[in-house]
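Chemist: Contents are mmCIF, C-alpha atoms; file name upload-v4.cif:
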```cif
data_upload
#
loop_
_atom_site.label_atom_id
_atom_site.label_comp_id
_atom_site.auth_asym_id
_atom_site.auth_seq_id
_atom_site.Cartn_x
_atom_site.Cartn_y
_atom_site.Cartn_z
CA MET A 11 0.00 0.00 0.00
CA THR A 12 1.53 3.31 -1.13
CA ILE A 13 0.59 6.50 0.72
CA THR A 14 0.94 9.72 -1.25
CA ILE A 15 1.88 12.71 0.92
CA ALA A 16 1.98 16.27 -0.41
CA VAL A 17 4.55 18.28 1.58
CA ILE A 18 4.01 22.06 1.78
CA SER A 19 7.11 23.77 3.13
CA SER A 20 9.68 26.51 2.70
CA GLU A 21 12.69 25.51 0.60
CA GLU A 22 14.99 25.86 3.64
CA PHE A 23 13.01 23.47 5.82
CA LEU A 24 12.03 20.94 3.13
CA PRO A 25 15.18 18.74 3.36
CA ARG A 26 14.51 18.03 7.04
CA ILE A 27 11.02 16.73 6.22
CA LEU A 28 12.21 14.70 3.22
CA LYS A 29 14.81 12.99 5.40
CA HIS A 30 11.91 11.35 7.25
CA THR A 31 9.44 10.76 4.40
CA GLN A 32 12.10 9.24 2.14
CA SER A 33 13.15 6.80 4.84
CA ILE A 34 9.73 5.07 4.62
CA ASP A 35 9.57 2.99 1.44
CA TYR A 36 5.77 2.97 1.13
CA ILE A 37 5.52 6.78 1.13
CA GLN A 38 5.35 8.55 -2.20
CA GLN A 39 5.84 12.26 -1.61
CA THR A 40 5.49 15.37 -3.71
CA SER A 41 6.83 18.73 -2.58
CA TYR A 42 5.44 22.26 -2.94
CA THR A 43 7.52 25.15 -1.66
CA TYR A 44 6.76 28.74 -0.71
CA GLN A 45 8.76 31.78 0.34
CA ASN A 46 6.02 33.48 2.37
CA PRO A 47 3.75 31.06 4.31
CA LYS A 48 0.75 32.97 2.96
CA GLU A 49 1.47 31.33 -0.41
CA SER A 50 0.50 27.89 0.93
CA ALA A 51 -3.19 28.41 0.07
CA ALA A 52 -2.36 29.01 -3.61
CA LEU A 53 -0.10 25.94 -3.66
CA LEU A 54 -3.07 23.71 -2.85
CA ASP A 55 -4.48 24.46 -6.31
CA GLN A 56 -1.52 22.56 -7.77
CA ILE A 57 -2.08 19.45 -5.65
CA HIS A 58 -4.01 16.53 -7.12
CA ASP A 59 -4.37 12.85 -6.23
CA CYS A 60 -2.75 12.78 -2.80
CA ASP A 61 -3.87 10.99 0.35
CA VAL A 62 -2.76 13.51 2.98
CA LEU A 63 -1.25 17.00 3.27
CA LEU A 64 1.78 17.67 5.46
CA PHE A 65 2.51 21.32 6.33
CA ALA A 66 5.88 22.50 7.65
CA GLY A 67 4.27 24.43 10.50
CA PRO A 68 1.10 25.98 11.93
CA LEU A 69 1.24 29.17 9.84
CA PRO A 70 1.16 27.61 6.34
CA TYR A 71 -1.56 25.24 7.56
CA PHE A 72 -3.82 28.01 8.88
CA PHE A 73 -3.41 30.09 5.73
CA ALA A 74 -4.52 27.08 3.67
CA LYS A 75 -7.13 25.76 6.13
CA GLU A 76 -10.18 26.89 4.14
CA LYS A 77 -8.94 25.22 0.96
CA VAL A 78 -7.95 22.11 2.92
CA GLU A 79 -11.56 21.79 4.07
CA GLN A 80 -12.80 22.33 0.52
CA LYS A 81 -10.55 19.56 -0.77
CA LYS A 82 -11.72 17.31 2.10
CA LEU A 83 -8.21 15.98 2.57
CA PRO A 84 -6.67 14.99 5.91
CA ALA A 85 -3.93 17.44 6.90
CA VAL A 86 -1.12 17.49 9.46
CA TYR A 87 1.33 20.21 10.44
CA ILE A 88 4.61 20.04 12.34
CA PRO A 89 3.87 21.69 15.69
CA LEU A 90 5.70 24.67 17.08
CA ASP A 91 5.43 23.83 20.77
CA GLU A 92 7.23 23.99 24.13
CA TYR A 93 9.65 21.31 22.95
CA THR A 94 10.59 23.51 19.96
CA ILE A 95 11.06 26.54 22.25
CA SER A 96 13.21 24.58 24.72
CA LEU A 97 15.51 23.25 21.99
CA SER A 98 15.78 26.67 20.34
CA LEU A 99 16.65 28.44 23.60
CA PHE A 100 19.21 25.78 24.47
CA HIS A 101 20.74 26.04 20.99
CA THR A 102 20.92 29.85 21.36
CA LEU A 103 22.49 29.56 24.83
CA LEU A 104 25.24 27.28 23.54
CA ASN A 105 25.97 28.87 20.15
CA VAL A 106 25.18 32.60 20.29
CA PRO A 107 27.49 35.09 22.02
CA GLY A 108 25.52 36.72 24.81
CA GLY A 109 23.28 33.67 25.10
CA LEU A 110 19.71 34.37 26.16
CA ASP A 111 20.32 37.92 27.28
CA ARG A 112 18.17 40.39 25.29
CA ILE A 113 16.56 38.33 22.51
CA SER A 114 13.45 38.96 20.41
CA ILE A 115 11.25 36.05 19.45
CA ASP A 116 8.06 35.47 17.47
CA LEU A 117 5.85 32.41 17.92
CA PRO A 118 2.18 31.31 17.76
CA LYS A 119 1.61 31.41 21.52
CA ALA A 120 3.49 33.47 24.11
CA GLU A 121 2.41 31.02 26.80
CA TYR A 122 4.80 28.42 25.33
CA ILE A 123 7.86 30.49 26.14
CA GLU A 124 6.40 31.50 29.50
CA LYS A 125 5.99 27.85 30.49
CA VAL A 126 9.49 26.94 29.32
CA ALA A 127 11.05 29.91 31.16
CA GLU A 128 9.17 28.94 34.31
CA GLU A 129 10.33 25.32 34.14
CA LEU A 130 13.93 26.40 33.46
CA GLY A 131 13.79 28.85 36.36
CA ILE A 132 14.63 31.81 34.09
CA THR A 133 12.94 34.95 35.38
CA SER A 134 15.27 37.95 34.91
CA THR A 135 16.29 37.78 31.27
CA PRO A 136 14.45 40.41 29.18
CA TRP A 137 12.85 38.78 26.14
CA TYR A 138 10.75 40.62 23.57
CA VAL A 139 7.96 38.33 22.37
CA LYS A 140 5.70 38.72 19.33
CA ASP A 141 2.63 36.52 19.79
CA TYR A 142 0.52 35.94 16.66
CA SER A 143 -1.99 33.46 18.12
CA GLU A 144 -4.93 35.83 17.52
CA ILE A 145 -3.95 36.14 13.88
CA ILE A 146 -3.95 32.37 13.46
CA GLU A 147 -7.28 31.96 15.26
CA GLU A 148 -8.86 34.43 12.84
CA GLY A 149 -7.70 32.35 9.88
CA GLY A 150 -4.66 34.42 9.00
CA THR A 151 -6.62 37.27 7.43
CA ARG A 152 -4.71 39.91 9.40
CA PHE A 153 -1.28 38.30 9.26
CA ASP A 154 1.38 40.63 7.90
CA VAL A 155 4.85 39.11 7.74
CA GLU A 156 6.30 42.61 7.36
CA GLU A 157 4.94 43.42 10.82
CA ILE A 158 6.99 40.58 12.30
CA ILE A 159 10.11 41.64 10.40
CA GLN A 160 9.63 45.21 11.64
CA PHE A 161 9.19 43.98 15.21
CA HIS A 162 12.62 42.29 15.19
CA LYS A 163 14.23 45.15 13.24
CA GLU A 164 13.07 47.77 15.76
CA ARG A 165 14.24 45.70 18.75
CA TRP A 166 17.66 45.36 17.07
CA GLU A 167 18.00 49.02 16.05
CA GLN A 168 16.98 50.22 19.53
CA LYS A 169 19.54 47.80 21.02
CA GLN A 170 16.81 46.10 23.03
CA SER A 171 17.82 42.75 21.57
CA HIS A 172 21.09 41.35 20.25
CA PHE A 173 19.56 38.28 18.57
CA ALA A 174 16.25 37.32 16.94
CA LEU A 175 14.50 33.93 16.98
CA THR A 176 11.68 33.43 14.47
CA GLY A 177 9.17 30.73 13.68
CA VAL A 178 8.87 31.92 10.06
CA ASP A 179 11.60 30.95 7.58
CA TYR A 180 10.77 33.94 5.37
CA VAL A 181 11.35 36.31 8.31
CA TYR A 182 14.72 34.64 8.94
CA SER A 183 15.72 35.16 5.28
CA ARG A 184 14.80 38.85 5.42
CA LEU A 185 16.59 39.43 8.73
CA ARG A 186 19.73 37.85 7.30
CA GLU A 187 19.53 40.25 4.33
CA MET A 188 19.49 43.12 6.83
CA ASN A 189 22.49 41.61 8.69
CA ILE A 190 20.47 41.21 11.87
CA PRO A 191 21.79 38.25 13.94
CA SER A 192 18.98 35.71 13.88
CA ALA A 193 17.96 32.06 13.60
CA SER A 194 14.88 30.02 12.87
CA LEU A 195 13.31 28.17 15.75
CA VAL A 196 14.74 24.66 15.81
CA SER A 197 12.10 22.00 15.13
CA PRO A 198 13.11 18.80 16.94
CA ASP A 199 13.47 15.69 14.80
CA LYS A 200 10.89 14.10 17.10
CA ASN A 201 8.24 16.66 16.10
CA ILE A 202 8.94 16.11 12.40
CA ARG A 203 8.97 12.33 12.79
CA ASP A 204 5.73 12.37 14.79
CA ALA A 205 4.04 14.57 12.16
CA VAL A 206 5.16 12.23 9.35
CA ASN A 207 3.88 9.21 11.30
CA GLN A 208 0.59 10.99 11.90
CA ALA A 209 0.34 11.76 8.18
CA VAL A 210 0.96 8.09 7.43
CA ALA A 211 -1.80 7.08 9.87
CA TYR A 212 -4.23 9.55 8.27
CA GLY A 213 -3.26 8.29 4.83
CA GLN A 214 -3.87 4.67 5.85
CA LEU A 215 -7.25 5.63 7.28
CA LYS A 216 -8.20 7.48 4.08
CA ILE A 217 -7.18 4.53 1.91
CA SER A 218 -9.12 2.21 4.21
CA LYS A 219 -12.19 4.45 3.96
CA ASN A 220 -11.84 4.69 0.19
CA SER A 221 -12.06 0.90 0.00
CA GLN A 222 -15.17 0.91 2.21
CA ILE A 223 -18.23 -0.64 0.59
CA ALA A 224 -20.61 1.72 -1.20
CA VAL A 225 -24.05 0.91 -2.56
CA GLY A 226 -26.23 3.04 -4.79
CA ILE A 227 -29.89 2.65 -5.69
CA ALA A 228 -31.35 4.44 -8.71
CA ALA A 229 -35.08 4.50 -9.42
CA ILE A 230 -37.55 6.21 -11.72
CA GLN A 231 -40.33 7.80 -9.68
CA GLN A 232 -44.00 7.23 -10.45
CA ASN A 233 -45.44 10.66 -9.77
CA ASP A 234 -48.26 11.02 -12.28
CA GLY A 235 -50.34 7.86 -12.05
CA PRO A 236 -49.69 4.58 -13.86
CA PRO A 237 -46.77 4.89 -16.29
CA VAL A 238 -47.13 4.50 -20.05
CA GLU A 239 -45.36 1.21 -20.71
CA THR A 240 -43.36 2.33 -23.77
CA LYS A 241 -42.26 5.56 -22.13
CA TRP A 242 -41.28 3.66 -18.98
CA GLN A 243 -39.22 1.14 -20.94
CA ASP A 244 -37.44 3.92 -22.81
CA ALA A 245 -36.76 5.77 -19.56
CA THR A 246 -35.37 2.60 -17.96
CA ILE A 247 -33.02 2.04 -20.90
CA ILE A 248 -31.82 5.64 -20.77
CA LEU A 249 -31.23 5.37 -17.00
CA LEU A 250 -29.25 2.13 -17.47
CA GLN A 251 -27.13 3.67 -20.24
CA GLU A 252 -26.34 6.69 -18.09
CA LEU A 253 -25.42 4.51 -15.10
CA LEU A 254 -23.16 2.31 -17.24
CA GLU A 255 -21.41 5.43 -18.50
CA LEU A 256 -21.07 6.63 -14.90
CA VAL A 257 -19.29 3.50 -13.64
CA LYS A 258 -17.29 2.44 -16.70
CA GLU A 259 -14.04 3.98 -15.39
CA THR A 260 -14.46 2.70 -11.82
CA ASP A 261 -14.61 -0.59 -9.97
CA ALA A 262 -18.41 -0.38 -9.62
CA SER A 263 -20.94 -2.83 -11.05
CA ILE A 264 -24.68 -2.52 -11.77
CA GLN A 265 -27.55 -4.98 -11.28
CA LYS A 266 -31.25 -4.60 -12.07
CA LEU A 267 -33.55 -4.59 -9.03
CA GLY A 268 -36.89 -4.34 -10.78
CA LEU A 269 -38.62 -2.84 -13.78
CA ASP A 270 -37.39 0.65 -12.98
CA GLN A 271 -34.68 0.24 -10.34
CA PHE A 272 -30.96 -0.49 -10.41
CA ILE A 273 -28.44 -1.18 -7.66
CA ILE A 274 -24.79 -0.13 -7.89
CA TYR A 275 -21.99 -1.82 -5.95
CA GLY A 276 -18.66 -0.01 -5.61
CA THR A 277 -16.24 1.55 -3.17
CA ARG A 278 -16.44 4.77 -1.21
CA GLY A 279 -13.46 6.20 -3.09
CA SER A 280 -15.07 5.72 -6.50
CA ILE A 281 -18.41 7.20 -5.39
CA GLU A 282 -16.75 10.22 -3.72
CA GLN A 283 -14.86 10.85 -6.95
CA MET A 284 -18.13 10.78 -8.90
CA ILE A 285 -19.65 13.27 -6.45
CA GLU A 286 -16.60 15.55 -6.52
CA TYR A 287 -16.71 15.86 -10.31
CA GLY A 288 -20.49 16.29 -10.44
CA LYS A 289 -21.01 13.09 -12.42
CA ILE A 290 -23.93 11.80 -10.36
CA MET A 291 -26.03 14.94 -10.76
CA GLN A 292 -25.11 14.90 -14.45
CA VAL A 293 -26.75 11.46 -14.74
CA VAL A 294 -29.81 12.73 -12.88
CA GLY A 295 -30.07 15.74 -15.17
CA ASN A 296 -29.57 13.72 -18.38
CA VAL A 297 -32.28 11.18 -17.52
CA ASP A 298 -34.64 13.98 -16.53
CA LEU A 299 -33.98 15.80 -19.81
CA LEU A 300 -33.94 12.83 -22.21
CA ALA A 301 -36.66 10.62 -20.72
CA LYS A 302 -38.90 13.34 -19.24
CA VAL A 303 -39.20 11.42 -15.97
CA THR A 304 -38.16 12.07 -12.39
CA VAL A 305 -35.24 9.96 -11.16
CA ALA A 306 -33.96 9.50 -7.60
CA ILE A 307 -30.56 8.11 -6.63
CA GLY A 308 -29.40 7.24 -3.13
CA PHE A 309 -25.87 6.22 -2.15
CA GLY A 310 -24.83 4.65 1.12
CA PHE A 311 -21.47 3.91 2.74
CA GLY A 312 -20.96 1.15 5.26
CA LEU A 313 -18.55 -1.30 6.84
CA THR A 314 -20.64 -4.14 5.40
CA ALA A 315 -22.69 -4.50 2.22
CA LYS A 316 -25.84 -4.76 4.34
CA GLU A 317 -25.11 -1.49 6.17
CA ALA A 318 -24.23 0.29 2.92
CA GLU A 319 -27.45 -0.87 1.24
CA SER A 320 -29.50 0.16 4.28
CA ASN A 321 -27.95 3.64 4.13
CA ALA A 322 -28.57 3.81 0.37
CA ARG A 323 -32.27 3.16 0.97
CA ILE A 324 -32.35 5.99 3.53
CA ALA A 325 -30.63 8.23 0.99
CA ILE A 326 -33.07 7.44 -1.84
CA TYR A 327 -35.96 8.06 0.56
CA HIS A 328 -34.65 11.62 1.08
CA ALA A 329 -34.11 12.04 -2.67
CA GLN A 330 -37.69 10.92 -3.42
CA LYS A 331 -39.10 13.32 -0.81
CA THR A 332 -37.96 16.27 -2.92
CA ASN A 333 -40.45 15.35 -5.69
CA GLU A 334 -37.87 16.25 -8.31
CA SER A 335 -34.89 14.50 -9.86
CA SER A 336 -32.26 14.36 -7.13
CA ALA A 337 -29.47 12.34 -5.49
CA TYR A 338 -28.53 11.96 -1.81
CA LEU A 339 -25.82 10.22 0.21
CA VAL A 340 -25.85 8.66 3.68
CA THR A 341 -22.44 7.92 5.22
CA ASP A 342 -21.52 5.16 7.66
CA GLU A 343 -21.79 7.79 10.42
CA LYS A 344 -25.43 8.45 9.49
CA GLU A 345 -24.62 11.81 7.97
CA VAL A 346 -27.08 12.76 5.23
CA ILE A 347 -25.67 14.87 2.39
CA GLY A 348 -27.79 16.18 -0.41
CA PRO A 349 -28.80 17.02 -2.95
CA LEU A 350 -25.37 16.16 -4.36
CA ASN A 351 -24.77 19.48 -6.06
CA SER A 352 -23.12 22.78 -5.19
CA GLU A 353 -25.99 23.64 -2.82
CA SER A 354 -25.91 20.40 -0.84
CA LYS A 355 -26.83 20.42 2.85
CA THR A 356 -25.63 18.10 5.60
CA PHE A 357 -27.42 16.83 8.69
CA GLN A 358 -27.18 13.93 11.10
CA LEU A 359 -29.69 11.11 11.43
CA LYS A 360 -28.20 10.35 14.83
CA SER A 361 -26.60 12.55 17.44
CA GLU A 362 -24.46 12.25 20.56
CA ASN A 363 -25.24 15.85 21.46
CA LYS A 364 -27.08 15.63 24.78
CA GLU A 365 -28.97 18.86 24.15
CA VAL A 366 -30.26 17.61 20.79
CA LEU A 367 -31.27 14.26 22.29
CA GLU A 368 -33.10 15.97 25.18
CA ILE A 369 -35.00 18.29 22.82
CA ALA A 370 -35.97 15.37 20.57
CA GLU A 371 -37.16 13.31 23.53
CA LYS A 372 -39.32 15.99 25.16
CA THR A 373 -40.80 17.42 21.93
CA GLY A 374 -41.31 14.23 19.93
CA VAL A 375 -39.50 15.84 16.98
CA SER A 376 -36.88 13.60 15.35
CA VAL A 377 -33.17 14.03 16.00
CA ALA A 378 -32.67 14.56 12.27
CA THR A 379 -35.18 17.44 12.17
CA ILE A 380 -33.73 19.10 15.28
CA THR A 381 -30.24 18.83 13.76
CA LYS A 382 -31.48 20.30 10.47
CA ILE A 383 -33.11 23.26 12.24
CA MET A 384 -29.93 23.98 14.22
CA GLN A 385 -27.90 23.77 11.02
CA TYR A 386 -30.36 26.12 9.32
CA VAL A 387 -30.04 28.72 12.08
CA LYS A 388 -26.23 28.57 11.85
CA LEU A 389 -26.43 29.33 8.13
CA ARG A 390 -28.49 32.47 8.67
CA ARG A 391 -27.11 35.85 9.67
CA ASP A 392 -29.59 36.13 12.50
CA ASN A 393 -31.60 33.64 14.51
CA ARG A 394 -34.99 34.61 13.03
CA PHE A 395 -37.13 32.75 10.52
CA THR A 396 -40.71 32.06 9.44
CA ALA A 397 -42.54 28.76 8.97
CA SER A 398 -42.21 29.27 5.21
CA ASP A 399 -38.45 29.81 5.48
CA LEU A 400 -38.09 26.60 7.46
CA ALA A 401 -40.41 24.64 5.14
CA GLU A 402 -38.33 25.65 2.14
CA TYR A 403 -35.08 24.61 3.83
CA LEU A 404 -36.44 21.31 5.13
CA GLN A 405 -38.25 20.69 1.81
CA ILE A 406 -41.57 20.00 3.54
CA SER A 407 -44.98 21.65 3.35
CA ARG A 408 -45.67 24.84 5.28
CA ARG A 409 -48.31 22.97 7.29
CA SER A 410 -45.74 20.35 8.36
CA SER A 411 -43.32 23.13 9.26
CA GLU A 412 -45.98 24.83 11.41
CA ARG A 413 -46.79 21.55 13.17
CA THR A 414 -43.11 21.04 14.01
CA LEU A 415 -42.75 24.61 15.26
CA LYS A 416 -45.86 24.23 17.42
CA LYS A 417 -44.28 21.26 19.23
CA LEU A 418 -41.06 23.20 19.75
CA ILE A 419 -42.94 26.27 21.05
CA GLU A 420 -44.83 24.14 23.57
CA HIS A 421 -41.49 23.15 25.14
CA GLN A 422 -39.87 26.62 24.90
CA VAL A 423 -37.32 25.41 22.34
CA VAL A 424 -38.63 27.99 19.86
CA GLU A 425 -40.43 31.25 20.61
CA VAL A 426 -42.38 33.80 18.57
CA VAL A 427 -40.48 37.09 18.49
CA GLY A 428 -42.53 39.10 16.00
CA GLU A 429 -44.36 38.98 12.72
CA GLU A 430 -43.93 40.11 9.13
CA GLN A 431 -46.35 40.93 6.33
CA PRO A 432 -44.49 40.76 2.99
CA TYR A 433 -47.69 41.50 1.04
CA GLN A 434 -50.36 44.14 1.70
CA GLN A 435 -53.08 41.51 1.66
CA GLY A 436 -53.20 38.32 3.69
CA ARG A 437 -52.41 37.43 7.26
CA PRO A 438 -49.08 38.39 8.88
CA ARG A 439 -46.53 35.62 9.28
CA ALA A 440 -45.09 34.79 12.69
CA VAL A 441 -41.34 35.21 13.08
CA TYR A 442 -39.60 32.60 15.27
CA ARG A 443 -36.34 32.33 17.15
CA LEU A 444 -34.55 29.17 18.27
CA ASN A 445 -33.67 29.25 21.97
CA HIS A 446 -31.06 26.49 21.60
CA PRO A 447 -28.68 27.62 18.81
#
```
Can you give me the file's structure in the form of structure tokens?
Modeler:
Amino acid sequence: MTITIAVISSEEFLPRILKHTQSIDYIQQTSYTYQNPKESAALLDQIHDCDVLLFAGPLPYFFAKEKVEQKKLPAVYIPLDEYTISLSLFHTLLNVPGGLDRISIDLPKAEYIEKVAEELGITSTPWYVKDYSEIIEEGGTRFDVEEIIQFHKERWEQKQSHFALTGVDYVYSRLREMNIPSASLVSPDKNIRDAVNQAVAYGQLKISKNSQIAVGIAAIQQNDGPPVETKWQDATIILLQELLELVKETDASIQKLGLDQFIIYGTRGSIEQMIEYGKIMQVVGNVDLLAKVTVAIGFGFGLTAKEAESNARIAIYHAQKTNESSAYLVTDEKEVIGPLNSESKTFQLKSENKEVLEIAEKTGVSVATITKIMQYVKLRRDNRFTASDLAEYLQISRRSSERTLKKLIEHQVVEVVGEEQPYQQGRPRAVYRLNHP
């Protein structure tokens, strides 16, 4: 089993990572280098067909975090922690004239150096610390590497520090150009080795998940009374042709379930690839267009064929509820995703959230519906909605939405906070707020 790891690092630090990845014969690694850690997000656009991402540190990871989540790839970064600080301070003490007296240092969390200093019993040495933890927590939007360079430069020019320690290779390069005595924080081999091993573990898990059993069920819906036999036969043939085209480049196979239903057997990896490239919704759209019928497809993942098929039936149930051509997916963790297009929503059929379980138990509303409502509120700018808003999101009738809200109001989970009247005629609509966001 070969694990493909994409390494995102500065050119200076890359050899230290490769020393560990190249020592493991079942790792195939590709490297992508940056000068400024902010460039890591753009580098992800160049990465294809890898199992796991390995970042050289917390900064490049946080700059790329949004794209990492979009790619749905496992990611690991080499930590900059107390162990790194201890080794760096010890290295400075032994190798830099003046030792630890008057140094400037930048790092993700000032508390790291405070803990190390406390454990070493160092209390009197003046250190100038630049903490950028808040920048990282906000996703790197405010990070300005020039600000860090200026911090060290000013400490040096004002003779407050005689040596600079930095956690950013680019800062180290710039300080060297300005002839300011400096060094990069020293990442211990242990941290690099542990990160590589963690990347390997994530890669193995991803490969294992990709080989997980996947089952799909495709069916033509009978919405308008008994079907015309000729039209139904033509629609079935078109659906089969589209499904065969869908799976021809994968390890999946197709069997007929009935007059208008087919079952697909494959692996999670192949189905996820179909979803990623929009191929499943393309099949749905083609059958709808060519055969003039409504088609529903449900995919399920599972540790066994039985579990995967059971989840596929749950998925097709949700697809059929929409009353239009659609496709849904249910994972082995009972996560429902659909419709499988750019506007897909996700909710849980089960929950370990005690609050959700308590609300479901006392109101009689399903865990899935409670989870959907909470997800809906998170997507909105404010916690206010009407029965019509909720009905549209849940894809149910307004009457069903009102019945659900009534149960939630009775148990103070939802409350009426006002009303709106979008049209001059007609009754005002109640505006609700969820008390358990």
Chemist: Within 12 Å of A:Gly288, counting only C-alpha atoms, which residues qualify if same-chain residues fewer than 2 places away don't, as a list in words?
Modeler: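 Skipping anything fewer than 2 positions along the chain leaves Leu256, Ile281, Glu282, Gln283, Met284, Ile285, Glu286, Ile290, Met291, Gln292, Val293, Val294, Gly295, Ala337, Pro349, Leu350, Asn351, Ser352, Glu353 and Ser354 of chain A.
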Chemist: Expand the PyMOL selection byres ((chain A and resi 326-334) around 6) into the individual residues it matches in the shown file, reporting them as a PyMOL selection string.
Modeler: chain A and resi 304+306-308+323-325+335-338
Chemist: Please write as a PyMOL selection string the list of polymer residues whose atoms come within 12 Å of (16.5, 22.6, 21.2), counting only C-alpha atoms and keeping to the coordinates of the file.
Modeler: chain A and resi 90-105+126+194-201
Chemist: Please compute the atom CA of A:Tyr122-atom CA of A:Asn207 distance, one decimal, in Å.
Modeler: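 About the pair atom CA of A:Tyr122 and atom CA of A:Asn207: they are 23.8 Å apart.
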Chemist: The PyMOL selection byres ((chain A and resi 249) around 12) on the file shown: which residues, as a PyMOL selection string?
Modeler: chain A and resi 227-231+242-248+250-256+264+266+269-273+290+292-307
Chemist: Calculated over only C-alpha atoms, which of the candidates A:Glu128, A:Asp261, A:Asp59, A:Glu157 has the smallest distance to A:Tyr142?
Modeler: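 Among the listed residues, the smallest separation from A:Tyr142 belongs to A:Glu157.
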Chemist: Tell me, as a list in words, which residues lie within 7 Å of A:Ala205, counting only C-alpha atoms; anything in the same chain fewer than 5 positions away does not count.
Modeler: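 After dropping sequence-adjacent residues, the list is Val86, Tyr87 and Ile88 of chain A.
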Chemist: For the file shown, what are the residues hit by the PyMOL selection byres ((chain A and resi 425) around 10), laid out as a PyMOL selection string?
Modeler: chain A and resi 394+415-416+418-424+426-428+440-445
Chemist: With only C-alpha atoms as the basis for distance, which of A:Thr12, A:Gln385, A:Ser143, A:Ser20 is at the shortest distance from A:Ile34?
Modeler: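 Between A:Thr12, A:Gln385, A:Ser143, A:Ser20, the residue approaching A:Ile34 most closely is A:Thr12.
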